[in-house]
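Notes follow once the structure below has been shown.
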Amino acid sequence: MKIIENLCIIDDDRICQFIIKTYAKAKALAKNTHIFADANTALEYLKNTSDNVLQLPDVIMLDINMPIMDGWSFLDEYQKLRPWINKKIPIFLITSSIQEEDKQKAKQYIDVAGFYIKPINEDLIMDIFHQLPN
Amino acid sequence: MKHTKSAFIKSVWEENKLEALFNTPLIGVAFSSKQGYMLELNQQFADMLGYTRRELVGSSWTQFSAPEYKELTISYYNRLLNNEVSCFTFEKEYICKKGNRIWVELMAQAKRDTENNVEYFIILAKNINERRRALLNLEAQMKYSEALINKLKYQNDQLKEFAHLISHNLRAPVGSMIGLLELYDSGVVDNKQNIGVFSEQYRNLTYSLLDTINTIGGALDIKDRTEVKKENVRFSEVFNSVLISLLGKAKDLDFDLTTNFELEEITYSKNYMKSILQNMLSNSLKYRSPDRKLKVEVKTYSNEGQEIMVFSDNGLGINLEQNSRNLFGLHKTFHRNKDAKGVGLFLTRKHIEAMGGKIFADSNPNYGIKFTLIFNYHENH
């Protein structure tokens with residue numbers, strides 16, 4: 001498993017940010033970690049770095065239930081933006097939702113590479129990183 | 001001879017037929033004069049009403065017809081008299097000798113002479129009491145079922161929402177707590193500073209979880225409209241009491257307030273109305289724009305039977321394109337405002353829906369927000 005350059009976390013929950021960040025650091029999984037508490041800011045970042053392969057995330061961990069803009073809205077906006085983004089970025093949904101309809105809905109987005117249910121633990125994080133292309 | 005005999009037999013046969021028809025217990029038969037007096041009637045007609053035939057012959061139809069059908073009945077007979085129709089049929093109630101009522105289906109026809117003047121009326125009356133009663137029962141049952149279905153639908157929606165609340169609002173903090181514990185157990189949190197952050201986060205989570213549980217408990221306490229006490233609620237009165245409770249006794253408001261209660265009062269729960277107005281107003285006060293003086297406008301009116309309130313302000317507003325699907329959910333906050341707990345709009349919606357209403361929002365971050373509340377939405381849809 002190679003070390004990725006940029007890990008992107010989009011989650012309004014500070015604790016989830018903290019947990020992912022701590023594991024990533026302890027296991028040396030990513031060189032840089034970008035944390036966005038709201039999806040709008042993350043979208044802005046992606047727009048601004050759309051042709052900069054070095055700065056674009058290698059993976060996005062996305063929460064669904066967020067204020068201002070939720071994970072679904074982010075995915076809708078991201079789909080529109082994707083043609084201009086110079087990199088294939090796998091998006092992993094990490095949610096506290098145990099509702100089946102959310103899982104089904106996730107399948108409709110081709111950008112979604114995986115669907116995980118919180119709590120976030122070491123196995124969950126490692127499982128995501130094992131799926132990344134080498 | 002032969003001919004005469006056969007004519008005689010034929011006339012006897014005719015007579016027998018007529019007599020058989022007149023004496024049938026299948027239907028009440030009566031003849032009435034142009035003025036409405038009973039000339040002759042059969043046993044079945046008398047039995048239906050509990051009179052003897054002798055008691056009814058010579059009496060007016062008004063003796064046994066239920067009084068509230070008098071005008072309707074006269075209008076039908078006038079049409080026969082005026083030759084507008086050749087016969088009619090309608091349903092009404094008769095009053096029996098004992099005073100009880102029965103439903104009958106009436107058929108009447110005018111018998112005319114060669115000059116086309118009405119000689120008398122032929123009336124057939126069928127007792128349809130059982131059928132009518134069954135129909136009324138069925139109608140009552142259907143009404144009851146419909147009310148039951150609506151109630152179940154409402155409760156089903158409540159359950160769905162509750163499932164969503166459990167999944168998101170309760171499961172999320174518990175998930176975070178477990179996440180933190182597993183992180184702690186995994187041994188990757190080692191230094192003192194990290195442990196400090198860790199325990200503070202754990203504390204905050206626990207308190208916010210309790211907060212959420214209390215809010216959900218409060219929402220579950222909102223009873224539906226069939227169980228809540230309704231009274232006449234004057235908008236101006238409730239609004240003023242809400243103003244005072246929110247702003248204290250300060251006489252000068254630091255914002256512009258326009259109220260126009262064209263619809264002065266409605267039948268509603270006073271407590272719910274208070275809670276709705278309180279949440280709406282405190283939202284306006286909380287999310288005012290730093291760039292302009294706050295203006296709040298509240299108006300009520302009725303339109304095509306709908307009781308409507310429009311509550312608008314020129315505050316921060318909300319980007320509805322991104323938020324429309326969960327504006328009224330629990331803990332959906334749309335501002336990076338510290339007080340924003342996302343409880344206000346959630347509870348407002350719960351109160352309004354519990355009373356059979358609906359709330360809509362229209363907003364633009366540059367101009368503010370406008371809420372339209374239709375208090376009796378479901379009575380009309």
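By convention in this document, the chains of the structure tokens carry letters A, B, ... by their order, each chain's residues are numbered from 1, and ligands are numbered from 1 in the order they are shown.
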Skip Val298 (chain B) itself and residues of its chain fewer than 4 positions away, then list as a ChimeraX atom specification all residues within 12 Å of it, counting only C-alpha atoms. /B:235-236,239-240,256-263,277,280-281,284,308-313,370-373
At a cut-off of 12 Å, using only C-alpha atoms, what residues contact Leu18 (chain B)? Leave out same-chain residues fewer than 6 positions from it and give the result as a PDB file with C-alpha atoms, in the first residue's frame.
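Saved the output as around.pdb:
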ATOM      1  CA  SER B  11    -112.489  -9.190 -18.472  1.00  0.00           C
ATOM      2  CA  VAL B  12    -112.532 -11.425 -15.389  1.00  0.00           C
ATOM      3  CA  THR B  24     -99.583  -7.402  -3.664  1.00  0.00           C
ATOM      4  CA  VAL B  29    -100.111   1.369  -3.901  1.00  0.00           C
ATOM      5  CA  ASN B  42    -103.701  -1.113  -0.599  1.00  0.00           C
TER       6      ASN B  42
END
List the spatial neighbours of region 175-188 of chain B as a PyMOL selection string - criterion: any atom at most 12 Å away, only C-alpha atoms, same-chain residues fewer than 5 positions off excluded. (chain A and resi 13-28+94-98+117-125) or (chain B and resi 166-170+194-209)
Long-range neighbours of Asn127 (chain B) as an MDAnalysis selection string, 10 Å cut-off, only C-alpha atoms, 6 positions minimum in chain: chainID B and resid 26:28 44:45 48:49 91 93:94 102:106
Gap from CA of Asp127 (chain A) to CA of Leu75 (chain A) - Å, one decimal: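 We find that CA of Asp127 (chain A) and CA of Leu75 (chain A) lie 21.8 Å from each other.
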Which residues, written as an NGL selection string, have at least one atom at most 7 Å from Phe88 (chain B), with only C-alpha atoms counted and residues fewer than 3 positions away on the same chain left out? :B and (107-109)
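In terms of minimum interatomic distance to Leu46 (chain A), A:Asn86 ranks closest within A:Gln104, A:Gln99, A:Asn86, A:Gln131, counting only C-alpha atoms.
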Shell around Lys2 (chain A) at 12 Å using only C-alpha atoms, local window under 5 positions removed, as number ranges by chain: A: 27-31, 58, 126, 129-134
What does the distance between CA of Ser65 (chain B) and CA of Asn116 (chain B) come to in Å, to one decimal place? 28.0 Å
Hey, which of A:Cys8, A:Ile3, A:Lys87, A:Glu101 ends up closest to Asn52 (chain A)? Count only C-alpha atoms.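 Of the candidates, the smallest distance to Asn52 (chain A) is held by A:Lys87.
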Using DSSP on the backbone, list every residue of region 125-254 of chain B that comes out as helix (DSSP H, G or I), and give them as a VMD selection string. chain B and resid 129 to 185 192 to 220 235 to 247
Keeping only C-alpha atoms, write the selected residues to a file as a CSV table (one decimal), in the first residue's frame.
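Output saved as part-v9.csv:
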chain,number,residue,atom,x,y,z
B,129,ASN,CA,-85.6,1.7,5.3
B,130,GLU,CA,-83.2,-1.2,5.6
B,131,ARG,CA,-81.3,-0.3,2.5
B,132,ARG,CA,-81.1,3.3,3.6
B,133,ARG,CA,-79.9,2.4,7.1
B,134,ALA,CA,-77.2,0.2,5.6
B,135,LEU,CA,-76.1,3.0,3.4
B,136,LEU,CA,-75.9,5.4,6.3
B,137,ASN,CA,-73.9,2.9,8.3
B,138,LEU,CA,-71.6,2.4,5.3
B,139,GLU,CA,-71.1,6.1,4.9
B,140,ALA,CA,-70.4,6.5,8.6
B,141,GLN,CA,-68.0,3.6,8.4
B,142,MET,CA,-66.2,5.0,5.3
B,143,LYS,CA,-65.9,8.4,7.1
B,144,TYR,CA,-64.4,6.7,10.1
B,145,SER,CA,-62.1,4.6,7.9
B,146,GLU,CA,-60.9,7.7,6.1
B,147,ALA,CA,-60.2,9.5,9.3
B,148,LEU,CA,-58.4,6.4,10.6
B,149,ILE,CA,-56.3,6.2,7.4
B,150,ASN,CA,-55.3,9.8,7.7
B,151,LYS,CA,-54.4,9.3,11.3
B,152,LEU,CA,-52.3,6.2,10.4
B,153,LYS,CA,-50.7,8.0,7.5
B,154,TYR,CA,-49.7,10.8,9.8
B,155,GLN,CA,-48.4,8.4,12.4
B,156,ASN,CA,-46.5,6.5,9.7
B,157,ASP,CA,-44.8,9.7,8.6
B,158,GLN,CA,-44.0,10.3,12.3
B,159,LEU,CA,-42.4,6.9,12.5
B,160,LYS,CA,-40.4,7.4,9.4
B,161,GLU,CA,-39.2,10.7,10.6
B,162,PHE,CA,-38.4,9.1,14.0
B,163,ALA,CA,-36.4,6.4,12.2
B,164,HIS,CA,-34.5,9.1,10.5
B,165,LEU,CA,-33.9,10.9,13.8
B,166,ILE,CA,-32.6,7.7,15.3
B,167,SER,CA,-30.4,7.0,12.3
B,168,HIS,CA,-28.9,10.5,12.1
B,169,ASN,CA,-29.4,12.4,15.3
B,170,LEU,CA,-29.0,9.7,17.8
B,171,ARG,CA,-26.8,7.3,16.0
B,172,ALA,CA,-24.3,9.9,14.9
B,173,PRO,CA,-23.1,11.0,18.4
B,174,VAL,CA,-23.1,7.5,19.7
B,175,GLY,CA,-21.1,6.4,16.7
B,176,SER,CA,-18.6,9.2,17.4
B,177,MET,CA,-18.3,8.1,21.0
B,178,ILE,CA,-17.5,4.6,20.0
B,179,GLY,CA,-15.1,5.9,17.4
B,180,LEU,CA,-13.3,7.9,20.1
B,181,LEU,CA,-13.2,4.9,22.4
B,182,GLU,CA,-11.8,2.6,19.7
B,183,LEU,CA,-9.3,5.3,18.8
B,184,TYR,CA,-8.2,5.5,22.4
B,185,ASP,CA,-8.0,1.7,22.7
B,192,LYS,CA,-1.1,14.4,26.7
B,193,GLN,CA,-2.4,17.1,24.4
B,194,ASN,CA,-4.2,14.7,22.2
B,195,ILE,CA,-5.8,13.1,25.3
B,196,GLY,CA,-7.0,16.5,26.4
B,197,VAL,CA,-8.7,17.2,23.1
B,198,PHE,CA,-10.1,13.7,23.3
B,199,SER,CA,-11.7,14.1,26.7
B,200,GLU,CA,-13.1,17.5,25.9
B,201,GLN,CA,-14.7,16.2,22.7
B,202,TYR,CA,-16.1,13.2,24.6
B,203,ARG,CA,-17.7,15.6,27.2
B,204,ASN,CA,-19.3,17.8,24.5
B,205,LEU,CA,-20.7,14.8,22.7
B,206,THR,CA,-22.4,13.5,25.8
B,207,TYR,CA,-24.1,16.8,26.6
B,208,SER,CA,-25.2,17.3,23.0
B,209,LEU,CA,-26.6,13.8,22.9
B,210,LEU,CA,-28.7,14.6,26.0
B,211,ASP,CA,-29.8,17.8,24.3
B,212,THR,CA,-30.9,15.9,21.2
B,213,ILE,CA,-32.8,13.3,23.3
B,214,ASN,CA,-34.6,16.1,25.1
B,215,THR,CA,-35.6,17.7,21.8
B,216,ILE,CA,-36.9,14.5,20.3
B,217,GLY,CA,-38.8,13.9,23.5
B,218,GLY,CA,-40.3,17.3,23.2
B,219,ALA,CA,-41.3,16.7,19.5
B,220,LEU,CA,-42.9,13.4,20.5
B,235,PHE,CA,-53.0,36.6,16.4
B,236,SER,CA,-52.4,40.1,17.8
B,237,GLU,CA,-52.7,38.9,21.3
B,238,VAL,CA,-50.4,35.9,21.0
B,239,PHE,CA,-47.9,37.8,18.9
B,240,ASN,CA,-47.6,40.6,21.5
B,241,SER,CA,-47.1,38.1,24.3
B,242,VAL,CA,-44.4,36.4,22.3
B,243,LEU,CA,-42.7,39.8,21.6
B,244,ILE,CA,-42.7,40.6,25.3
B,245,SER,CA,-41.3,37.2,26.3
B,246,LEU,CA,-38.5,37.5,23.7
B,247,LEU,CA,-37.6,41.1,24.1
When DSSP is applied to the backbone of this structure, which of region 59-108 of chain B are assigned strand (DSSP E or B)? Write them out as a list in words. Ser60, Ser65, Cys87, Phe88, Thr89, Phe90, Glu91, Lys92, Glu93, Tyr94, Ile95, Arg101, Ile102, Trp103, Val104, Glu105, Leu106, Met107 and Ala108 of chain B
Those residues you just picked out, can you put them in a file as a PDB file, in the first residue's frame with N, CA and C atoms?
ATOM      1  N   SER B  60    -105.114  13.559   4.313  1.00  0.00           N
ATOM      2  CA  SER B  60    -104.182  14.265   3.425  1.00  0.00           C
ATOM      3  C   SER B  60    -102.802  13.583   3.496  1.00  0.00           C
ATOM      4  N   SER B  65     -96.430  12.254   5.748  1.00  0.00           N
ATOM      5  CA  SER B  65     -95.168  12.645   5.121  1.00  0.00           C
ATOM      6  C   SER B  65     -94.367  13.484   6.122  1.00  0.00           C
ATOM      7  N   CYS B  87     -93.941  11.242 -14.962  1.00  0.00           N
ATOM      8  CA  CYS B  87     -93.856  10.543 -13.686  1.00  0.00           C
ATOM      9  C   CYS B  87     -92.564  10.971 -12.987  1.00  0.00           C
ATOM     10  N   PHE B  88     -92.486  10.663 -11.715  1.00  0.00           N
ATOM     11  CA  PHE B  88     -91.236  10.971 -11.015  1.00  0.00           C
ATOM     12  C   PHE B  88     -90.954   9.910  -9.979  1.00  0.00           C
ATOM     13  N   THR B  89     -89.718   9.867  -9.525  1.00  0.00           N
ATOM     14  CA  THR B  89     -89.396   8.987  -8.404  1.00  0.00           C
ATOM     15  C   THR B  89     -88.380   9.704  -7.520  1.00  0.00           C
ATOM     16  N   PHE B  90     -88.592   9.656  -6.220  1.00  0.00           N
ATOM     17  CA  PHE B  90     -87.605  10.206  -5.286  1.00  0.00           C
ATOM     18  C   PHE B  90     -87.745   9.541  -3.912  1.00  0.00           C
ATOM     19  N   GLU B  91     -86.755   9.778  -3.062  1.00  0.00           N
ATOM     20  CA  GLU B  91     -86.762   9.124  -1.758  1.00  0.00           C
ATOM     21  C   GLU B  91     -87.056  10.138  -0.673  1.00  0.00           C
ATOM     22  N   LYS B  92     -87.885   9.751   0.274  1.00  0.00           N
ATOM     23  CA  LYS B  92     -88.161  10.632   1.422  1.00  0.00           C
ATOM     24  C   LYS B  92     -88.589   9.813   2.627  1.00  0.00           C
ATOM     25  N   GLU B  93     -88.915  10.494   3.694  1.00  0.00           N
ATOM     26  CA  GLU B  93     -89.292   9.781   4.913  1.00  0.00           C
ATOM     27  C   GLU B  93     -90.799   9.929   5.186  1.00  0.00           C
ATOM     28  N   TYR B  94     -91.394   8.842   5.629  1.00  0.00           N
ATOM     29  CA  TYR B  94     -92.775   8.861   6.119  1.00  0.00           C
ATOM     30  C   TYR B  94     -92.723   8.740   7.639  1.00  0.00           C
ATOM     31  N   ILE B  95     -93.776   9.273   8.279  1.00  0.00           N
ATOM     32  CA  ILE B  95     -93.890   9.084   9.729  1.00  0.00           C
ATOM     33  C   ILE B  95     -95.038   8.104  10.000  1.00  0.00           C
ATOM     34  N   ARG B 101     -89.991   6.868  12.035  1.00  0.00           N
ATOM     35  CA  ARG B 101     -89.865   7.250  10.619  1.00  0.00           C
ATOM     36  C   ARG B 101     -89.393   6.067   9.790  1.00  0.00           C
ATOM     37  N   ILE B 102     -89.816   6.024   8.553  1.00  0.00           N
ATOM     38  CA  ILE B 102     -89.259   5.053   7.611  1.00  0.00           C
ATOM     39  C   ILE B 102     -88.912   5.762   6.303  1.00  0.00           C
ATOM     40  N   TRP B 103     -87.845   5.240   5.663  1.00  0.00           N
ATOM     41  CA  TRP B 103     -87.470   5.773   4.345  1.00  0.00           C
ATOM     42  C   TRP B 103     -88.269   5.052   3.276  1.00  0.00           C
ATOM     43  N   VAL B 104     -88.826   5.797   2.329  1.00  0.00           N
ATOM     44  CA  VAL B 104     -89.557   5.172   1.223  1.00  0.00           C
ATOM     45  C   VAL B 104     -89.047   5.706  -0.112  1.00  0.00           C
ATOM     46  N   GLU B 105     -89.141   4.847  -1.097  1.00  0.00           N
ATOM     47  CA  GLU B 105     -88.891   5.307  -2.449  1.00  0.00           C
ATOM     48  C   GLU B 105     -90.252   5.502  -3.104  1.00  0.00           C
ATOM     49  N   LEU B 106     -90.526   6.722  -3.554  1.00  0.00           N
ATOM     50  CA  LEU B 106     -91.832   7.048  -4.117  1.00  0.00           C
ATOM     51  C   LEU B 106     -91.761   7.099  -5.634  1.00  0.00           C
ATOM     52  N   MET B 107     -92.808   6.546  -6.266  1.00  0.00           N
ATOM     53  CA  MET B 107     -92.949   6.713  -7.703  1.00  0.00           C
ATOM     54  C   MET B 107     -94.365   7.216  -7.917  1.00  0.00           C
ATOM     55  N   ALA B 108     -94.556   8.243  -8.690  1.00  0.00           N
ATOM     56  CA  ALA B 108     -95.914   8.756  -8.895  1.00  0.00           C
ATOM     57  C   ALA B 108     -96.138   9.107 -10.351  1.00  0.00           C
TER      58      ALA B 108
END
Shell of 12 Å around Pro83 (chain A), only C-alpha atoms, local chain residues under 4 positions omitted, as a PyMOL selection string: chain A and resi 47+50-51+77-79+87-89
Expressed in Å to a single decimal, how great is the separation between CA of Ile369 (chain B) and CA of Asn279 (chain B)? 14.0 Å
